[in-house]
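Heads up, model_35.tsv below (TSV, C-alpha atoms and all ligand atoms):
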```
chain	number	residue	atom	x	y	z
A	131	MET	CA	0.00	0.00	0.00
A	132	THR	CA	2.62	2.57	1.03
A	133	HIS	CA	4.85	1.34	-1.76
A	134	ALA	CA	2.06	2.25	-4.19
A	135	VAL	CA	2.01	5.75	-2.70
A	136	LEU	CA	5.78	6.07	-3.11
A	137	ARG	CA	5.51	4.98	-6.73
A	138	LEU	CA	2.74	7.48	-7.33
A	139	LEU	CA	4.81	10.29	-5.82
A	140	ARG	CA	7.71	9.36	-8.05
A	141	GLU	CA	5.56	9.13	-11.19
A	142	ARG	CA	3.91	12.44	-10.41
A	143	TYR	CA	7.28	14.02	-9.71
A	144	ALA	CA	5.89	15.19	-6.39
A	145	PHE	CA	9.23	16.52	-5.16
A	146	ASP	CA	9.94	18.48	-8.33
A	147	ALA	CA	12.53	21.07	-7.30
A	148	THR	CA	11.60	23.53	-10.04
A	149	PRO	CA	7.83	23.61	-10.47
A	150	MET	CA	6.09	26.03	-12.79
A	151	PHE	CA	5.54	29.48	-11.29
A	152	GLY	CA	1.78	28.93	-10.89
A	153	ASP	CA	2.35	25.67	-8.99
A	154	LEU	CA	4.85	27.14	-6.54
A	155	GLY	CA	2.07	28.98	-4.75
A	156	VAL	CA	0.00	25.81	-4.41
A	157	TYR	CA	2.90	24.10	-2.63
A	158	ASN	CA	3.90	27.07	-0.48
A	159	VAL	CA	3.77	26.47	3.25
A	160	GLN	CA	3.65	29.91	4.75
A	161	PHE	CA	6.98	30.95	6.21
A	162	GLU	CA	5.19	32.87	8.94
A	163	SER	CA	3.46	29.67	10.05
A	164	MET	CA	6.85	27.96	10.33
A	165	SER	CA	8.86	30.60	12.19
A	166	ASP	CA	7.62	32.37	15.30
A	167	GLY	CA	7.36	36.13	15.16
A	168	VAL	CA	8.12	36.70	11.48
A	169	ARG	CA	5.67	38.15	9.03
A	170	VAL	CA	6.32	37.25	5.43
A	171	GLU	CA	3.20	36.39	3.47
A	172	THR	CA	0.93	38.79	5.39
A	173	ARG	CA	3.48	41.58	5.09
A	174	LEU	CA	3.88	41.03	1.34
A	175	ARG	CA	0.10	41.02	0.83
A	176	GLU	CA	-0.28	44.16	2.93
A	177	GLY	CA	2.57	45.91	1.12
A	178	ALA	CA	1.24	44.99	-2.32
A	179	LEU	CA	-2.24	46.24	-1.48
A	180	GLY	CA	-0.75	49.40	0.01
A	181	GLY	CA	1.33	50.24	-3.06
A	182	GLU	CA	4.68	49.79	-1.29
A	183	ARG	CA	8.00	49.18	-2.99
A	184	ILE	CA	9.20	45.87	-1.67
A	185	ALA	CA	12.48	43.98	-1.82
A	186	LEU	CA	11.96	40.27	-1.15
A	187	ILE	CA	15.33	39.00	-0.07
A	188	ALA	CA	16.70	35.45	0.14
A	189	ASP	CA	19.38	33.18	-1.24
A	190	SER	CA	18.76	31.27	-4.44
A	191	GLY	CA	16.32	28.37	-4.11
A	192	CYS	CA	15.02	29.51	-0.75
A	193	GLY	CA	11.43	30.51	-1.54
A	194	LYS	CA	11.11	33.97	-3.12
A	195	SER	CA	9.13	32.79	-6.14
A	196	SER	CA	7.19	30.43	-3.91
A	197	VAL	CA	6.00	33.29	-1.71
A	198	ILE	CA	5.31	35.59	-4.67
A	199	SER	CA	3.24	32.91	-6.38
A	200	PHE	CA	1.34	32.23	-3.15
A	201	VAL	CA	0.57	35.86	-2.32
A	202	LEU	CA	0.22	37.28	-5.83
A	203	GLY	CA	-1.13	34.23	-7.66
A	204	PRO	CA	-4.52	33.89	-9.30
A	205	MET	CA	-6.39	33.79	-6.00
A	206	ALA	CA	-5.04	37.15	-4.86
A	207	GLU	CA	-7.71	39.73	-4.22
A	208	GLY	CA	-7.49	43.47	-4.72
A	209	VAL	CA	-4.25	43.35	-6.70
A	210	TYR	CA	-3.30	43.12	-10.34
A	211	PRO	CA	0.19	41.59	-10.58
A	212	ILE	CA	2.25	42.31	-13.68
A	213	LEU	CA	5.16	39.86	-13.89
A	214	VAL	CA	7.88	41.62	-15.84
A	215	PRO	CA	10.79	39.43	-16.99
A	216	VAL	CA	14.07	41.34	-16.93
A	217	HIS	CA	16.86	38.84	-16.53
A	218	SER	CA	17.25	38.19	-20.23
A	219	LEU	CA	17.61	41.93	-20.91
A	220	MET	CA	21.15	41.61	-19.52
A	221	GLN	CA	22.90	45.03	-19.86
A	222	ASP	CA	19.59	46.59	-20.86
A	223	ALA	CA	18.17	45.75	-17.44
A	224	ALA	CA	20.17	48.73	-16.17
A	225	SER	CA	18.35	51.05	-18.56
A	226	PRO	CA	15.14	52.80	-17.43
A	227	GLU	CA	13.95	53.03	-21.06
A	228	ARG	CA	14.40	49.32	-21.74
A	229	VAL	CA	12.76	48.32	-18.47
A	230	ALA	CA	9.85	50.65	-19.31
A	231	ASP	CA	9.58	48.89	-22.68
A	232	ALA	CA	9.52	45.53	-20.90
A	233	VAL	CA	6.75	46.79	-18.61
A	234	ILE	CA	4.67	48.08	-21.52
A	235	SER	CA	5.12	44.83	-23.47
A	236	GLN	CA	4.14	42.75	-20.47
A	237	ILE	CA	0.99	44.75	-19.79
A	238	ALA	CA	0.08	44.46	-23.47
A	239	ARG	CA	0.63	40.68	-23.42
A	240	ASP	CA	-1.45	40.21	-20.27
A	241	ILE	CA	-4.25	42.35	-21.64
A	242	GLN	CA	-4.26	40.48	-24.91
A	243	PHE	CA	-4.58	37.26	-23.00
A	244	VAL	CA	-7.70	38.50	-21.23
A	245	VAL	CA	-9.25	40.19	-24.25
A	246	ASN	CA	-8.74	37.13	-26.45
A	247	ASP	CA	-10.17	34.75	-23.94
A	248	ASN	CA	-12.66	36.65	-21.89
A	249	SER	CA	-15.20	33.89	-21.78
A	250	ASP	CA	-14.93	30.71	-19.81
A	251	ALA	CA	-11.61	29.09	-18.99
A	252	LEU	CA	-9.91	32.18	-17.76
A	253	HIS	CA	-12.43	33.32	-15.22
A	254	ALA	CA	-13.18	29.79	-14.12
A	255	SER	CA	-9.50	29.01	-13.64
A	256	GLY	CA	-9.05	32.18	-11.67
A	257	SER	CA	-11.39	30.92	-9.01
A	258	ARG	CA	-10.29	27.31	-8.84
A	259	ARG	CA	-7.03	25.57	-9.50
A	260	GLU	CA	-7.35	22.27	-11.26
A	261	VAL	CA	-5.00	19.36	-11.26
A	262	THR	CA	-4.24	17.76	-14.57
A	263	GLN	CA	-1.89	15.15	-15.84
A	264	SER	CA	0.48	16.29	-18.50
A	265	GLY	CA	3.38	14.41	-20.00
A	266	GLY	CA	3.57	12.12	-17.00
A	267	ARG	CA	4.16	15.05	-14.65
A	268	LEU	CA	1.56	16.49	-12.42
A	269	ARG	CA	0.79	20.09	-13.00
A	270	LYS	CA	-2.02	22.50	-12.34
A	271	VAL	CA	-3.68	24.20	-15.26
A	272	ALA	CA	-1.39	27.09	-16.05
A	273	VAL	CA	-3.16	30.20	-14.89
A	274	ARG	CA	-1.74	33.66	-15.31
A	275	ALA	CA	-1.78	35.86	-12.28
A	276	PRO	CA	-4.12	38.58	-13.59
A	277	ALA	CA	-6.67	36.16	-14.96
A	278	GLY	CA	-8.74	35.87	-11.85
A	279	THR	CA	-9.14	39.54	-11.21
A	280	LEU	CA	-9.46	41.42	-14.46
A	281	SER	CA	-12.66	41.90	-16.40
A	282	ALA	CA	-12.58	42.01	-20.20
A	283	GLU	CA	-13.98	45.56	-20.13
A	284	VAL	CA	-11.11	46.85	-18.00
A	285	ALA	CA	-8.63	44.92	-20.12
A	286	GLU	CA	-10.00	46.57	-23.24
A	287	GLU	CA	-9.77	49.98	-21.63
A	288	ILE	CA	-6.14	49.37	-20.68
A	289	GLY	CA	-5.49	48.11	-24.19
A	290	ARG	CA	-6.64	51.46	-25.57
A	291	GLN	CA	-4.05	53.23	-23.38
A	292	ILE	CA	-1.10	50.91	-23.84
A	293	THR	CA	0.90	51.45	-26.98
A	294	THR	CA	4.03	49.44	-27.54
A	295	THR	CA	6.10	51.78	-29.66
A	296	GLN	CA	9.74	52.12	-28.64
A	297	GLN	CA	10.15	55.41	-30.45
A	298	ILE	CA	9.04	57.62	-27.57
A	299	GLU	CA	11.06	59.12	-24.71
A	300	LEU	CA	10.96	57.82	-21.15
A	301	PRO	CA	8.53	60.46	-19.79
A	302	GLU	CA	6.05	59.54	-22.52
A	303	LYS	CA	6.49	55.86	-21.78
A	304	ILE	CA	5.78	56.54	-18.13
A	305	GLU	CA	2.65	58.45	-19.17
A	306	VAL	CA	1.49	55.51	-21.32
A	307	ILE	CA	1.95	53.18	-18.35
A	308	TYR	CA	0.27	55.64	-15.99
A	309	GLN	CA	-2.81	55.88	-18.23
A	310	GLY	CA	-2.85	52.11	-18.54
A	311	LEU	CA	-2.92	51.70	-14.77
A	312	LEU	CA	-5.81	54.06	-14.12
A	313	PRO	CA	-8.58	51.65	-15.21
A	314	LEU	CA	-7.23	49.18	-12.66
A	315	HIS	CA	-7.62	51.71	-9.88
A	316	GLU	CA	-11.12	52.52	-11.06
A	317	ASP	CA	-11.80	48.79	-10.70
A	318	ALA	CA	-10.36	48.86	-7.14
A	319	LEU	CA	-7.26	46.87	-8.11
A	320	MET	CA	-3.76	47.85	-7.04
A	321	PRO	CA	-1.28	47.23	-9.86
A	322	VAL	CA	1.79	45.34	-8.64
A	323	PHE	CA	4.93	45.24	-10.77
A	324	VAL	CA	6.68	41.99	-9.98
A	325	PHE	CA	10.29	41.44	-10.90
A	326	ASP	CA	10.80	37.83	-9.91
A	327	ASP	CA	13.87	37.12	-12.04
A	328	SER	CA	15.86	40.11	-10.84
A	329	ASP	CA	17.95	37.87	-8.58
A	330	ARG	CA	19.84	35.90	-11.19
A	331	TRP	CA	22.76	38.16	-12.00
A	332	SER	CA	25.37	36.28	-10.03
A	333	ALA	CA	28.58	36.60	-12.04
A	334	PRO	CA	31.08	39.27	-10.90
A	335	GLU	CA	30.79	41.02	-14.29
A	336	GLU	CA	27.06	41.41	-13.72
A	337	GLU	CA	27.52	43.68	-10.70
A	338	GLY	CA	26.99	46.72	-12.93
A	339	ILE	CA	23.65	45.35	-14.11
A	340	VAL	CA	22.52	44.77	-10.53
A	341	LYS	CA	23.52	48.27	-9.51
A	342	GLY	CA	21.95	49.90	-12.57
A	343	PHE	CA	18.74	47.94	-12.25
A	344	PHE	CA	18.16	48.64	-8.55
A	345	THR	CA	19.37	52.21	-8.41
A	346	GLU	CA	18.34	53.59	-11.83
A	347	ALA	CA	16.23	51.34	-14.03
A	348	ILE	CA	13.22	51.06	-11.74
A	349	ARG	CA	13.44	54.42	-10.01
A	350	TRP	CA	10.96	56.08	-12.39
A	351	MET	CA	8.29	53.75	-11.05
A	352	THR	CA	8.17	55.83	-7.86
A	353	ASP	CA	5.85	58.21	-9.67
A	354	LEU	CA	3.33	55.53	-10.56
A	355	PRO	CA	0.33	54.48	-8.49
A	356	ALA	CA	1.54	50.90	-8.16
A	357	ALA	CA	3.30	48.53	-5.82
A	358	ILE	CA	6.62	46.98	-6.77
A	359	VAL	CA	7.92	43.62	-5.64
A	360	VAL	CA	11.51	42.83	-6.52
A	361	ALA	CA	13.19	39.51	-5.82
A	362	MET	CA	16.66	40.18	-4.52
A	363	HIS	CA	19.48	37.75	-3.98
A	364	SER	CA	20.97	38.13	-0.47
A	365	GLN	CA	24.37	38.23	-2.11
A	366	TYR	CA	23.49	41.55	-3.81
A	367	LEU	CA	23.56	43.23	-0.43
A	368	ASN	CA	27.08	42.14	0.38
A	369	SER	CA	29.73	44.81	0.30
A	370	GLY	CA	31.07	45.55	-3.14
A	371	ARG	CA	27.59	45.54	-4.64
A	372	GLY	CA	26.64	48.76	-2.96
A	373	GLY	CA	24.55	47.14	-0.22
A	374	SER	CA	22.11	49.67	1.17
A	375	GLU	CA	22.40	51.82	-1.95
A	376	LEU	CA	20.46	49.10	-3.77
A	377	LEU	CA	17.65	49.45	-1.27
A	378	ALA	CA	17.54	53.22	-1.42
A	379	PHE	CA	14.28	53.39	-3.26
A	380	LEU	CA	12.68	50.16	-2.03
A	381	ASP	CA	10.99	51.17	1.19
A	382	THR	CA	9.96	47.76	2.46
A	383	LYS	CA	12.39	44.95	3.07
A	384	ILE	CA	11.13	41.41	3.58
A	385	GLU	CA	13.74	38.78	4.34
A	386	LEU	CA	12.78	35.14	4.16
A	387	PRO	CA	13.70	33.24	7.30
A	388	LEU	CA	15.49	29.90	7.35
A	389	LEU	CA	13.47	26.90	8.43
A	390	PRO	CA	14.00	26.55	12.18
A	391	ALA	CA	13.93	22.76	12.46
A	392	ALA	CA	13.36	19.42	10.75
A	393	ALA	CA	9.64	19.49	11.60
A	394	GLN	CA	9.09	22.42	9.23
A	395	LEU	CA	10.91	20.70	6.41
A	396	GLY	CA	8.63	17.74	7.13
A	397	ARG	CA	5.61	19.99	6.70
A	398	ILE	CA	6.84	21.16	3.30
A	399	LEU	CA	7.37	17.59	2.12
A	400	LEU	CA	3.98	16.53	3.48
A	401	GLU	CA	2.27	19.35	1.64
A	402	ARG	CA	3.88	18.21	-1.62
A	403	ALA	CA	2.81	14.63	-0.97
A	404	ARG	CA	-0.69	15.67	0.08
A	405	VAL	CA	-1.37	17.69	-3.08
A	406	HIS	CA	-0.37	14.74	-5.24
A	407	VAL	CA	-2.05	11.98	-3.29
A	408	GLU	CA	-5.26	13.82	-2.40
A	409	ASN	CA	-7.13	13.27	-5.65
A	410	GLU	CA	-6.06	9.67	-6.05
A	411	GLY	CA	-9.19	7.84	-4.89
A	412	SER	CA	-7.76	4.38	-5.47
A	413	LEU	CA	-5.29	4.88	-2.63
A	414	GLY	CA	-7.93	5.43	0.02
A	415	ALA	CA	-7.27	7.92	2.81
A	416	PRO	CA	-3.98	9.81	2.37
A	417	PRO	CA	-1.34	8.19	4.57
A	418	GLU	CA	0.50	9.99	7.36
A	419	LEU	CA	3.78	11.56	6.35
A	420	THR	CA	5.71	9.29	8.67
A	421	GLU	CA	4.38	6.36	6.64
A	422	ILE	CA	5.90	7.89	3.50
A	423	VAL	CA	9.04	9.58	4.80
A	424	THR	CA	10.50	8.45	8.11
A	425	ASP	CA	11.59	10.88	10.81
A	426	SER	CA	15.18	9.85	10.41
A	427	ALA	CA	15.02	10.57	6.65
A	428	ILE	CA	13.69	14.05	7.40
A	429	ARG	CA	16.47	14.57	9.94
A	430	VAL	CA	19.11	13.63	7.36
A	431	LEU	CA	17.49	15.96	4.82
A	432	PHE	CA	17.38	18.76	7.37
A	433	ASP	CA	21.08	18.21	8.15
A	434	GLN	CA	21.72	18.85	4.46
A	435	TYR	CA	19.63	22.02	4.59
A	436	ASP	CA	21.35	23.09	7.79
A	437	SER	CA	24.75	22.67	6.21
A	438	GLY	CA	23.88	25.12	3.46
A	439	LYS	CA	21.80	23.36	0.82
A	440	SER	CA	18.82	25.32	-0.41
A	441	LEU	CA	15.24	24.08	-0.22
A	442	ARG	CA	15.43	23.48	-3.95
A	443	GLN	CA	18.49	21.26	-3.54
A	444	VAL	CA	16.85	19.38	-0.66
A	445	LEU	CA	13.74	18.73	-2.78
A	446	GLN	CA	15.94	17.47	-5.60
A	447	LEU	CA	17.69	15.16	-3.19
A	448	THR	CA	14.31	13.91	-1.95
A	449	HIS	CA	13.24	13.11	-5.48
A	450	HIS	CA	16.44	11.15	-6.13
A	451	ALA	CA	16.03	9.31	-2.84
A	452	LEU	CA	12.47	8.46	-3.84
A	453	ALA	CA	13.81	6.86	-6.99
A	454	GLU	CA	16.25	4.83	-4.86
A	455	ALA	CA	13.42	3.76	-2.55
A	456	THR	CA	10.95	2.75	-5.26
A	457	ASP	CA	13.65	0.86	-7.19
A	458	ALA	CA	14.37	-1.07	-4.02
A	459	GLY	CA	10.65	-1.83	-3.52
A	460	ALA	CA	10.71	-0.01	-0.16
A	461	GLU	CA	7.59	0.80	1.87
A	462	ALA	CA	8.90	4.19	3.02
A	463	LEU	CA	11.55	6.73	2.18
A	464	ASP	CA	14.20	6.09	4.80
A	465	ASP	CA	17.47	7.71	5.83
A	466	HIS	CA	19.59	5.22	3.89
A	467	HIS	CA	17.78	6.19	0.66
A	468	ILE	CA	18.73	9.80	1.32
A	469	VAL	CA	22.31	8.83	2.03
A	470	ALA	CA	22.42	6.80	-1.20
A	471	ALA	CA	21.05	9.79	-3.12
A	472	ILE	CA	23.70	12.06	-1.57
A	473	ARG	CA	26.45	9.64	-2.66
A	474	ALA	CA	25.06	9.13	-6.17
B	1	LIG	N1	7.62	28.14	1.98
B	1	LIG	C1	7.74	27.10	1.15
B	1	LIG	N2	6.85	26.10	1.18
B	1	LIG	C2	6.96	25.05	0.34
B	1	LIG	N3	7.92	24.93	-0.58
B	1	LIG	C3	8.82	25.90	-0.67
B	1	LIG	C4	8.78	27.04	0.17
B	1	LIG	N4	9.81	27.84	-0.15
B	1	LIG	C5	10.46	27.25	-1.15
B	1	LIG	N5	9.88	26.07	-1.47
B	1	LIG	C6	10.31	25.16	-2.54
B	1	LIG	O1	11.71	25.30	-2.71
B	1	LIG	C7	12.07	25.39	-4.09
B	1	LIG	C8	12.78	26.69	-4.37
B	1	LIG	O2	11.89	27.78	-4.12
B	1	LIG	P1	11.82	29.08	-5.07
B	1	LIG	O3	11.87	28.69	-6.49
B	1	LIG	O4	10.67	29.87	-4.60
B	1	LIG	O5	13.18	29.80	-4.64
B	1	LIG	P2	13.73	31.22	-5.12
B	1	LIG	O6	14.20	31.92	-3.89
B	1	LIG	O7	12.75	31.90	-5.97
B	1	LIG	O8	15.00	30.77	-5.97
B	1	LIG	P3	15.76	31.59	-7.16
B	1	LIG	O9	16.55	32.64	-6.48
B	1	LIG	O10	16.65	30.58	-7.77
B	1	LIG	O11	14.72	32.11	-8.09
B	1	LIG	C9	10.77	25.21	-4.89
B	1	LIG	O12	10.67	23.87	-5.28
B	1	LIG	C10	9.68	25.55	-3.87
B	1	LIG	O13	8.48	24.84	-4.11
B	2	MG	MG	12.77	32.51	-8.00
```
For this file, write the structure as structure tokens.
Amino acid sequence: MTHAVLRLLRERYAFDATPMFGDLGVYNVQFESMSDGVRVETRLREGALGGERIALIADSGCGKSSVISFVLGPMAEGVYPILVPVHSLMQDAASPERVADAVISQIARDIQFVVNDNSDALHASGSRREVTQSGGRLRKVAVRAPAGTLSAEVAEEIGRQITTTQQIELPEKIEVIYQGLLPLHEDALMPVFVFDDSDRWSAPEEEGIVKGFFTEAIRWMTDLPAAIVVAMHSQYLNSGRGGSELLAFLDTKIELPLLPAAAQLGRILLERARVHVENEGSLGAPPELTEIVTDSAIRVLFDQYDSGKSLRQVLQLTHHALAEATDAGAEALDDHHIVAAIRA
């Protein structure tokens, strides 16, 4: 019986270390429920609704996208998140004009998505996440963040304001964006610019991009009636990168805490297992976590985390250990499967 559950978790890739953005929020166990006295998810929600400029700070693989997807995903109320990709702009990410272009293009893409499909799937998917099977891997139906909140009428109104020409100067671009945001406010939605891939410039030669992006390229947004959420690698704040200078215009700082103990890592793994097992009627009642992953396995995994591995690396290790366990016909994921995965 438990072996069947282990097999299912492996087939469904339950411990996928790099889920799609929309799925991250489904798996997120709130940091503030795992660490006493820290506010993460509530603070981010509050800041987004209040139009604050927020730096979300953590090391790579430690939960920034997870928290953003949870708080600003399709179920979010009162906000209209605009996920602007900037990492691939490289040097251009330090340029206010190019970042403004990226913002305009993203708004136009999101609007098009709503205008083109204003009927059924979009609004339905905004209110309920579905679980589907695709290519052998479990995934939710891909839902875009704005889908749940934006009406086709507002989208069309924004579409009339947003023009994507690159031939205009920055002040005019800002005006285009400003006019595009107004219909959102009239619909009681706070626009939230989300830069979730602004934490990937890690090479020494990319220091200039980091500095330009944080100190210049997004500064013009101060004048807009919108919140900003920027993922920031902890390393950016180390000396040499300018440290506090990078935070000069971001007025809210949210740092993700480390997991305090093995029990919290256990909760994260259980949540993954629960989501994947829940809808599988043939398995009967979902088993207890300890029937799937033993306490000693979780302790070994936590030791790995404690010695510097990220949550992403620990999940990857768990998936490899699951393969070891199912190959061996085991009834539970045990510490020796983890050790074997570490050695492999
Ligand atoms: N609070 C959490 N609850 C459940 N799972 C989490 C949590 N935080 C992180 N994870 C998991 O850890 C992995 C890494 O998280 P995530 O992608 O959010 O990190 P990140 O900080 O955005 O990394 P990067 O800097 O590389 O973008 C994902 O598989 C995610 O599901
Ligand atoms: Mg991320």
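Interatomic distance, CA of Pro334 (chain A) against CA of Met220 (chain A): 13.4 Å.
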Worksheet entry | Point (12.5, 37.2, -4.2) neighbourhood (9 Å, all atoms listed in the file) written as a list in words |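 Those residues lying close to the given coordinates are Ala185, Leu186, Ile187, Ala188, Asp189, Ser190, Cys192, Gly193, Lys194, Ser195, Ser196, Val197, Ile198, Phe325, Asp326, Asp327, Ser328, Asp329, Val359, Val360, Ala361, Met362, His363, Ile384, Glu385 and Leu386 of chain A.
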Save the residues we just selected, C-alpha atoms, as a short mmCIF file (atom, residue, chain, number, x, y, z; two decimals), in the coordinates of the input?
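Written file, result.cif:
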```
data_model
loop_
_atom_site.label_atom_id
_atom_site.label_comp_id
_atom_site.auth_asym_id
_atom_site.auth_seq_id
_atom_site.Cartn_x
_atom_site.Cartn_y
_atom_site.Cartn_z
CA ALA A 185 12.48 43.98 -1.82
CA LEU A 186 11.96 40.27 -1.15
CA ILE A 187 15.33 39.00 -0.07
CA ALA A 188 16.70 35.45 0.14
CA ASP A 189 19.38 33.18 -1.24
CA SER A 190 18.76 31.27 -4.44
CA CYS A 192 15.02 29.51 -0.75
CA GLY A 193 11.43 30.51 -1.54
CA LYS A 194 11.11 33.97 -3.12
CA SER A 195 9.13 32.79 -6.14
CA SER A 196 7.19 30.43 -3.91
CA VAL A 197 6.00 33.29 -1.71
CA ILE A 198 5.31 35.59 -4.67
CA PHE A 325 10.29 41.44 -10.90
CA ASP A 326 10.80 37.83 -9.91
CA ASP A 327 13.87 37.12 -12.04
CA SER A 328 15.86 40.11 -10.84
CA ASP A 329 17.95 37.87 -8.58
CA VAL A 359 7.92 43.62 -5.64
CA VAL A 360 11.51 42.83 -6.52
CA ALA A 361 13.19 39.51 -5.82
CA MET A 362 16.66 40.18 -4.52
CA HIS A 363 19.48 37.75 -3.98
CA ILE A 384 11.13 41.41 3.58
CA GLU A 385 13.74 38.78 4.34
CA LEU A 386 12.78 35.14 4.16
#
```
- Task: Please indicate the distance in Å from CA of Ala356 (chain A) to CA of Leu376 (chain A), rounded to one decimal place.
- Result: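 Spanning CA of Ala356 (chain A) to CA of Leu376 (chain A) is a straight-line distance of 19.5 Å.
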The residue from A:Pro355, A:Pro149, A:Gly208, A:Gly438 with the smallest atom-to-atom distance to Leu389 (chain A), counting all atoms listed in the file, is A:Gly438
Could you please determine the separation between CA of Glu410 (chain A) and CA of Phe161 (chain A) in Å, to one decimal place?
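For CA of Glu410 (chain A) relative to CA of Phe161 (chain A), the distance reads 27.8 Å.
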message: Considering all atoms listed in the file, can you say which of A:Leu445, A:Ile428, A:Asp317, A:Glu421 comes closest to Glu461 (chain A)?
response: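 Of A:Leu445, A:Ile428, A:Asp317, A:Glu421, the one nearest Glu461 (chain A), counting all atoms listed in the file, is A:Glu421.
Take the candidates A:Leu314, A:Val322, A:Ala470, A:Met164 and check each one against ligand LIG 1 (chain B) using all atoms listed in the file; the shortest distance goes to A:Met164.
The neighbours of Thr420 (chain A) here are the residues that come within 10 Å of it, using all atoms listed in the file and leaving out any residue fewer than 6 positions away in the same chain; they are Gly396, Leu400, Ser426, Ala427, Ile428, Ala462, Leu463 and Asp464 of chain A.
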Extending 4 Å beyond the listed atoms of region 150-153 of chain A on each side, what axis-aligned box results? I want centre and edge lengths in Å to one decimal, as AutoDock Vina command-line options.
```
--center_x 3.9 --center_y 27.6 --center_z -10.9 --size_x 12.3 --size_y 11.8 --size_z 11.8
```
- request: Kindly indicate which residue among A:Ala471, A:Ile307, A:Val159, A:Met351 lies nearest to ligand LIG 1 (chain B), using all atoms listed in the file for the distances.
  value: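 Looking only at the distances to ligand LIG 1 (chain B), the closest residue turns out to be A:Val159.
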Please list as a ChimeraX atom specification every residue within 12 Å of Arg473 (chain A), counting all atoms listed in the file and excluding residues in the same chain fewer than 5 positions away.
/A:447,450-451,454,466-468
In file coordinates, which residues lie within 12 Å of (4.3, 43.3, -20.5) using only C-alpha atoms, given as an mmCIF file with C-alpha atoms, in the coordinates of the input?
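Now in point-v2.cif:
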```cif
data_model
loop_
_atom_site.group_PDB
_atom_site.id
_atom_site.type_symbol
_atom_site.label_atom_id
_atom_site.label_comp_id
_atom_site.auth_asym_id
_atom_site.auth_seq_id
_atom_site.Cartn_x
_atom_site.Cartn_y
_atom_site.Cartn_z
ATOM 1 C CA PRO A 211 0.190 41.590 -10.580
ATOM 2 C CA ILE A 212 2.250 42.310 -13.680
ATOM 3 C CA LEU A 213 5.160 39.860 -13.890
ATOM 4 C CA VAL A 214 7.880 41.620 -15.840
ATOM 5 C CA PRO A 215 10.790 39.430 -16.990
ATOM 6 C CA VAL A 216 14.070 41.340 -16.930
ATOM 7 C CA ARG A 228 14.400 49.320 -21.740
ATOM 8 C CA VAL A 229 12.760 48.320 -18.470
ATOM 9 C CA ALA A 230 9.850 50.650 -19.310
ATOM 10 C CA ASP A 231 9.580 48.890 -22.680
ATOM 11 C CA ALA A 232 9.520 45.530 -20.900
ATOM 12 C CA VAL A 233 6.750 46.790 -18.610
ATOM 13 C CA ILE A 234 4.670 48.080 -21.520
ATOM 14 C CA SER A 235 5.120 44.830 -23.470
ATOM 15 C CA GLN A 236 4.140 42.750 -20.470
ATOM 16 C CA ILE A 237 0.990 44.750 -19.790
ATOM 17 C CA ALA A 238 0.080 44.460 -23.470
ATOM 18 C CA ARG A 239 0.630 40.680 -23.420
ATOM 19 C CA ASP A 240 -1.450 40.210 -20.270
ATOM 20 C CA ILE A 241 -4.250 42.350 -21.640
ATOM 21 C CA GLN A 242 -4.260 40.480 -24.910
ATOM 22 C CA PHE A 243 -4.580 37.260 -23.000
ATOM 23 C CA PRO A 276 -4.120 38.580 -13.590
ATOM 24 C CA GLY A 289 -5.490 48.110 -24.190
ATOM 25 C CA ILE A 292 -1.100 50.910 -23.840
ATOM 26 C CA THR A 293 0.900 51.450 -26.980
ATOM 27 C CA THR A 294 4.030 49.440 -27.540
ATOM 28 C CA ILE A 307 1.950 53.180 -18.350
ATOM 29 C CA GLY A 310 -2.850 52.110 -18.540
ATOM 30 C CA PHE A 323 4.930 45.240 -10.770
ATOM 31 C CA VAL A 324 6.680 41.990 -9.980
ATOM 32 C CA PHE A 325 10.290 41.440 -10.900
#
```
Kindly reconstruct region 203-208 of chain A with N, CA, C and O atoms and present the result as a CSV table (one decimal), in the coordinates of the input.
```
chain,number,residue,atom,x,y,z
A,203,GLY,N,-0.6,35.2,-6.6
A,203,GLY,CA,-1.1,34.2,-7.7
A,203,GLY,C,-2.6,34.5,-8.0
A,203,GLY,O,-3.1,35.6,-7.6
A,204,PRO,N,-3.2,33.6,-8.8
A,204,PRO,CA,-4.5,33.9,-9.3
A,204,PRO,C,-5.6,34.1,-8.2
A,204,PRO,O,-6.7,34.6,-8.5
A,205,MET,N,-5.4,33.6,-7.0
A,205,MET,CA,-6.4,33.8,-6.0
A,205,MET,C,-6.3,35.2,-5.3
A,205,MET,O,-7.1,35.5,-4.5
A,206,ALA,N,-5.3,35.9,-5.6
A,206,ALA,CA,-5.0,37.2,-4.9
A,206,ALA,C,-6.2,38.1,-5.1
A,206,ALA,O,-6.6,38.3,-6.3
A,207,GLU,N,-6.6,38.8,-4.1
A,207,GLU,CA,-7.7,39.7,-4.2
A,207,GLU,C,-7.2,41.2,-4.1
A,207,GLU,O,-6.3,41.4,-3.3
A,208,GLY,N,-7.8,42.0,-4.9
A,208,GLY,CA,-7.5,43.5,-4.7
A,208,GLY,C,-6.2,43.9,-5.4
A,208,GLY,O,-5.8,45.1,-5.3
```
